Structure formats: structure tokens, C-alpha cells
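Down below is the structure, laid out as C-alpha cells.
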Amino acid sequence: MLTAPAPTTVAAITLDLDDTLWPILPVMERCEQVLEAFLLEHAPAVARRFPKGAMRALRDSVAAERPELAHDYSAQRRLSLERAFAEARVDADAEALIERAYVTFYAERNRVQLYDDVADALPALAARCRLLALTNGNADLSSIGLAQHFHGAVLARDVGVAKPDPRIFAHARDLLAVDAAHIWHVGDDPELDVLGAQKAGFRAVWINRNGLPWPYPEHMPDLIIRDLAELGRWLDNLPSD
Ligand SMILES: [Mg+2]
């Protein structure tokens with residue numbers, strides 16, 4: 001006997017942020033420039049000892065030495081600054097300067113340029129179902145001016161684990177209080193977003209803005225889209241249940 005396919009239910013959407021709503025590489029490049037300019041002005045000994053490339057290497061080595069901070073880029077950045085100030089032997093007002101350096105860096109972190117489709121697509125998606133941000137990064141939706149479209153945000157640094165760990169998806173599911181099978185996670189990263197979400201029982205949407213081939217033919221996403229406008233059209237065409 002044939003059974004009708006189960007209706008596709010989309011109770012909520014969890015959304016990755018970096019490289020899903022905006023490109024992250026130009027943001028990080030500007031963050032490094034702004035940090036370097038701040039240090040040149042306020043702590044030139046640190047800037048001389050740790051120009052951009054050296055500061056990046058220092059941050060990478062802090063990340064490698066402290067795997068327990070892998071989910072917390074803010075903590076990694078602060079620790080890198082502390083280490084840079086200590087190695088450059090800048091003691092006077094170091095704590096206050098480190099905090100100002102971090103604040104300067106973090107303000108730039110939240111100056112993102114949305115992909116073209118995002119400004120129109122987000123309110124349309126939010127009108128249809130709840131949106132929850134689910135990110136390994138440390139972007140702040142309020143500072144960016146997008147918080148009004150979201151039910152909330154799940155950040156790896158708050159949960160203590162990062163995607164693809166199923167526990168961060170479980171945390172999102174608990175916040176949304178709906179069955180994982182009715183939550184659709186949208187993200188650009190095949191492993192972190194798509195395989196991670198599916199392992200946690202979510203449906204997974206790969207946003208493939210660059211037209212790349214899907215790398216795991218044996219584990220297909222539930223849906224592949226080019227941008228969020230396409231996701232909106234797909235939702236509009238779902239049969240209503
Ligand atoms: Mg991403």
C-alpha cells in the first residue's frame with residue numbers, strides 16, 4: 001500500500017551567520033587593520049612587536065594552546081592581546097588599554113555588509129516562522145541591526161560547545177521547544193552546518209552561494225539553495241497542511 005509522503009513541516013529555522021548572511025573574510029581583515037591602527041596610536045611598542053601577521057600568528061597559537069576556548073573567539077582574542085602586551089612589556093594601564101583594544105576590534109566585527117538578498121529575505125522569512133541564529137562566531141545581532149528579525153541567538157561561546165556538536169543544536173531545539181525534525185537549519189558549511197544539523201535530527205539546508213559541488217554525495221542536504229530569496233520561494237511553495 002502506498003502511503004502519502006509526510007507533509008514538510010517548518011516550525012522554525014535556525015540560521016548560521018558568518019558566510020551565510022554576510023561574508024566574514026573582509027570583516028576579519030578590517031578588524032585586524034583597525035586593531036593595528038589602535039595599537040599604533042595607543043600602544044606603539046605592542047604594534048611594533050606584533051604587526052598584523054604576527055598578531056594573527058599569536059592568536060593562532062593561543063587557539064592551539066587553549067583548545068578549551070575553541071568555542072569562544074572573544075576569549076581567544078582577549079588572551080592574545082594580554083599576551084601581546086606582556087611580551088612587549090607594556091605594563092602601564094595595560095588592562096584598560098587591552099579592554100579598549102578589544103572593544104575597538106569587536107565594534108568592527110559587527111560592521112558587516114549583508115549579502116544582497118538578506119535585507120529583504122530576513123523579514124519575509126521571519127514573518128513565516130521563528131528564526132533563531134545559531135553560530136560558532138561572536139557577532140552581535142543587536143549591534144548589526146538585525147535582532148528584530150530573530151527569536152534569539154545561540155552562540156557557541158554561551159553554550160560552551162560549537163557546531164557540529166549535537167549539544168548546541170539540542171540547546172537551540174530546547175529554546176524553540178519544537179521537535180528537531182521540524183527545525184530547518186540553514187548554513188554554508190557542509191560539516192558544521194549540514195552534517196552537524198542532520199546528526200542532531202534537524203533538517204539541513206546548504207546555502208551554496210558560490211556554486212560549489214556538494215562534497216559528501218552519500219549524505220545529501222535536505223535542500224540546497226543559492227541564497228535566502230530562494231529559501232523564501234521554497235517556503236511559499238510548500239503545500240499548506
Ligand atoms: Mg558560516
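By convention in this document, the chains of the C-alpha cells carry letters A, B, ... by their order, each chain's residues are numbered from 1, and ligands are numbered from 1 in the order they are shown.
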Distance filter 9 Å around ligand 1, atoms: only C-alpha atoms and all ligand atoms, out as a list in words:
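Answer in the requested format: Asp16, Leu17, Asp18, Asp19, Thr20, Leu21, Trp22, Pro23, Ile24, Thr135, Asn136, Gly137, Gly187, Asp188, Asp189, Leu192 and Asp193 of chain A.
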Just write the chosen residues, C-alpha atoms, as a short mmCIF file (atom, residue, chain, number, x, y, z; two decimals), in the first residue's frame.
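Written file, result_36.cif:
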```cif
data_model
loop_
_atom_site.label_atom_id
_atom_site.label_comp_id
_atom_site.auth_asym_id
_atom_site.auth_seq_id
_atom_site.Cartn_x
_atom_site.Cartn_y
_atom_site.Cartn_z
CA ASP A 16 24.14 30.34 10.62
CA LEU A 17 25.52 33.92 10.44
CA ASP A 18 29.11 34.23 9.09
CA ASP A 19 29.27 33.45 5.35
CA THR A 20 25.52 32.84 5.40
CA LEU A 21 24.22 36.40 5.98
CA TRP A 22 27.47 38.26 5.23
CA PRO A 23 30.98 37.38 4.03
CA ILE A 24 33.32 37.07 7.02
CA THR A 135 26.62 30.48 15.25
CA ASN A 136 30.13 29.50 16.25
CA GLY A 137 31.15 33.15 15.87
CA GLY A 187 24.21 27.35 6.76
CA ASP A 188 27.16 27.49 4.39
CA ASP A 189 29.48 24.94 5.97
CA LEU A 192 29.44 22.29 10.73
CA ASP A 193 26.02 23.20 9.41
#
```
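Looking only at segment 13-207 of chain A, the set that DSSP places in strand (DSSP E) from backbone geometry is Ile13, Thr14, Leu15, Arg130, Leu131, Leu132, Ala133, Leu134, Thr135, Gly152, Ala153, Val154, Leu155, Ile183, Trp184, His185, Val186, Gly187, Arg203, Ala204, Val205, Trp206 and Ile207 of chain A.
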List the neighbours of Asn208 of chain A out to 10 Å using only C-alpha atoms; skip same-chain residues closer than 2 positions along the sequence, and give me the result as number ranges by chain.
A: 19-20, 187-190, 205-206, 210-214, 224-227
Write the selection just made, keeping N, CA, C and O atoms, as a short mmCIF file (atom, residue, chain, number, x, y, z; two decimals), in the first residue's frame?
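Output (again_3.cif):
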```
data_model
loop_
_atom_site.label_atom_id
_atom_site.label_comp_id
_atom_site.auth_asym_id
_atom_site.auth_seq_id
_atom_site.Cartn_x
_atom_site.Cartn_y
_atom_site.Cartn_z
N ASP A 19 29.27 34.06 6.69
CA ASP A 19 29.27 33.45 5.35
C ASP A 19 27.90 32.91 4.95
O ASP A 19 27.77 32.27 3.91
N THR A 20 26.89 33.16 5.78
CA THR A 20 25.52 32.84 5.40
C THR A 20 24.74 34.14 5.18
O THR A 20 24.04 34.30 4.19
N GLY A 187 22.85 26.87 6.59
CA GLY A 187 24.21 27.35 6.76
C GLY A 187 25.09 27.01 5.57
O GLY A 187 24.72 26.20 4.72
N ASP A 188 26.26 27.63 5.55
CA ASP A 188 27.16 27.49 4.39
C ASP A 188 28.16 26.36 4.53
O ASP A 188 28.76 25.94 3.55
N ASP A 189 28.38 25.89 5.75
CA ASP A 189 29.48 24.94 5.97
C ASP A 189 28.95 23.50 5.92
O ASP A 189 28.12 23.12 6.74
N PRO A 190 29.47 22.69 4.96
CA PRO A 190 28.94 21.32 4.83
C PRO A 190 29.05 20.51 6.12
O PRO A 190 28.11 19.80 6.49
N VAL A 205 19.68 22.68 5.41
CA VAL A 205 19.69 23.41 4.14
C VAL A 205 21.10 23.93 3.90
O VAL A 205 21.64 24.66 4.75
N TRP A 206 21.67 23.54 2.78
CA TRP A 206 23.01 24.07 2.44
C TRP A 206 22.83 25.32 1.61
O TRP A 206 22.24 25.26 0.53
N ASN A 210 28.39 30.08 -3.68
CA ASN A 210 29.48 30.11 -4.66
C ASN A 210 29.39 29.01 -5.71
O ASN A 210 30.33 28.80 -6.47
N GLY A 211 28.26 28.30 -5.75
CA GLY A 211 28.08 27.28 -6.78
C GLY A 211 29.08 26.15 -6.70
O GLY A 211 29.56 25.65 -7.72
N LEU A 212 29.41 25.73 -5.48
CA LEU A 212 30.39 24.65 -5.29
C LEU A 212 29.70 23.30 -5.41
O LEU A 212 28.50 23.19 -5.18
N PRO A 213 30.47 22.24 -5.76
CA PRO A 213 29.87 20.91 -5.73
C PRO A 213 29.68 20.45 -4.27
O PRO A 213 30.52 20.75 -3.42
N TRP A 214 28.59 19.74 -4.01
CA TRP A 214 28.36 19.21 -2.65
C TRP A 214 29.39 18.10 -2.39
O TRP A 214 29.53 17.17 -3.18
N ILE A 224 19.14 22.36 -1.08
CA ILE A 224 20.29 23.20 -1.44
C ILE A 224 19.74 24.48 -2.06
O ILE A 224 18.88 24.42 -2.96
N ILE A 225 20.19 25.62 -1.57
CA ILE A 225 19.72 26.90 -2.10
C ILE A 225 20.91 27.77 -2.46
O ILE A 225 22.02 27.59 -1.94
N ARG A 226 20.66 28.72 -3.33
CA ARG A 226 21.71 29.64 -3.74
C ARG A 226 21.76 30.85 -2.80
O ARG A 226 22.82 31.41 -2.53
N ASP A 227 20.60 31.27 -2.34
CA ASP A 227 20.54 32.42 -1.43
C ASP A 227 19.23 32.34 -0.62
O ASP A 227 18.42 31.43 -0.83
#
```
Excluding Arg48 of chain A and any residue of its chain fewer than 6 positions from it, enumerate the residues within 10 Å of it, using only C-alpha atoms, and give them as an mmCIF file with C-alpha atoms, in the first residue's frame.
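Listing of out_22.cif after writing:
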```
data_model
loop_
_atom_site.group_PDB
_atom_site.id
_atom_site.type_symbol
_atom_site.label_atom_id
_atom_site.label_comp_id
_atom_site.auth_asym_id
_atom_site.auth_seq_id
_atom_site.Cartn_x
_atom_site.Cartn_y
_atom_site.Cartn_z
ATOM 1 C CA GLU A 36 46.668 47.520 14.331
ATOM 2 C CA LEU A 39 47.760 49.748 18.824
ATOM 3 C CA LEU A 40 49.968 52.039 16.718
ATOM 4 C CA ALA A 54 52.431 38.409 13.911
ATOM 5 C CA ALA A 88 56.018 43.834 24.535
#
```
Please measure the separation of atom CA of Phe150 of chain A and atom CA of Ile13 of chain A, giving the value in Å to one decimal.
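Taking atom CA of Phe150 of chain A as the start and atom CA of Ile13 of chain A as the end point, the length is 9.9 Å.
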Within 12 Å of Ala147 of chain A using only C-alpha atoms, minus same-chain residues under 2 positions, as a CSV table (one decimal) with N, CA, C and O atoms, in the first residue's frame:
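Dumped to result29.csv:
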```
chain,number,residue,atom,x,y,z
A,122,LEU,N,15.2,38.3,5.1
A,122,LEU,CA,15.0,38.0,6.5
A,122,LEU,C,13.7,38.4,7.1
A,122,LEU,O,13.0,37.6,7.7
A,123,PRO,N,13.1,39.6,6.8
A,123,PRO,CA,11.8,39.9,7.3
A,123,PRO,C,10.7,39.0,6.8
A,123,PRO,O,9.8,38.6,7.5
A,126,ALA,N,11.1,35.7,8.6
A,126,ALA,CA,10.6,35.9,10.0
A,126,ALA,C,9.1,36.0,10.1
A,126,ALA,O,8.5,35.6,11.1
A,131,LEU,N,12.8,32.6,13.6
A,131,LEU,CA,14.2,32.4,13.2
A,131,LEU,C,15.1,32.5,14.5
A,131,LEU,O,14.9,33.4,15.3
A,132,LEU,N,16.0,31.6,14.5
A,132,LEU,CA,17.0,31.6,15.6
A,132,LEU,C,18.4,31.5,15.1
A,132,LEU,O,18.7,30.6,14.3
A,133,ALA,N,19.2,32.5,15.4
A,133,ALA,CA,20.6,32.5,15.0
A,133,ALA,C,21.4,31.3,15.7
A,133,ALA,O,21.1,31.1,16.9
A,139,ALA,N,29.4,37.3,16.5
A,139,ALA,CA,28.6,38.5,16.1
A,139,ALA,C,27.5,38.9,17.0
A,139,ALA,O,26.9,38.0,17.6
A,140,ASP,N,27.2,40.1,17.1
A,140,ASP,CA,26.1,40.6,17.9
A,140,ASP,C,25.0,41.2,17.0
A,140,ASP,O,25.1,42.2,16.4
A,141,LEU,N,23.8,40.5,17.0
A,141,LEU,CA,22.8,40.9,16.1
A,141,LEU,C,22.2,42.2,16.4
A,141,LEU,O,21.7,43.0,15.5
A,142,SER,N,22.2,42.6,17.7
A,142,SER,CA,21.7,44.0,18.0
A,142,SER,C,22.6,45.0,17.4
A,142,SER,O,22.1,46.0,16.8
A,143,SER,N,23.9,44.9,17.6
A,143,SER,CA,24.8,45.9,17.1
A,143,SER,C,24.7,46.0,15.6
A,143,SER,O,24.8,47.0,15.0
A,144,ILE,N,24.5,44.8,14.9
A,144,ILE,CA,24.4,44.8,13.5
A,144,ILE,C,23.1,45.4,13.0
A,144,ILE,O,23.0,45.8,11.9
A,145,GLY,N,22.1,45.3,13.9
A,145,GLY,CA,20.8,45.9,13.5
A,145,GLY,C,19.8,44.9,12.9
A,145,GLY,O,18.9,45.2,12.1
A,149,HIS,N,14.6,40.6,13.7
A,149,HIS,CA,14.0,39.5,12.9
A,149,HIS,C,14.2,38.2,13.6
A,149,HIS,O,13.7,37.2,13.1
A,150,PHE,N,14.8,38.1,14.7
A,150,PHE,CA,15.2,36.9,15.3
A,150,PHE,C,14.5,36.6,16.7
A,150,PHE,O,14.3,37.6,17.5
A,151,HIS,N,14.1,35.4,16.9
A,151,HIS,CA,13.6,35.0,18.2
A,151,HIS,C,14.7,35.0,19.2
A,151,HIS,O,14.4,35.2,20.4
A,152,GLY,N,15.9,34.8,18.8
A,152,GLY,CA,17.0,34.8,19.7
A,152,GLY,C,18.3,34.4,19.0
A,152,GLY,O,18.3,34.2,17.8
A,153,ALA,N,19.3,34.2,19.7
A,153,ALA,CA,20.6,33.8,19.1
A,153,ALA,C,21.3,32.8,20.1
A,153,ALA,O,21.3,33.0,21.3
```
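Distances to Lys199 of chain A were evaluated for A:Tyr102, A:Phe38, A:Phe169, A:Tyr216 using only C-alpha atoms, and the minimum falls at A:Phe169.
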Considering only C-alpha atoms, state which residue in the set A:Phe50, A:Leu79, A:Leu114, A:Ser74 is at the smallest distance from Val62 of chain A.
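Using only C-alpha atoms, Val62 of chain A sits closest to A:Leu79.
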Of A:Pro221, A:Pro51, A:Pro166, A:Gly160, the one nearest to Leu35 of chain A when counting only C-alpha atoms is A:Pro51
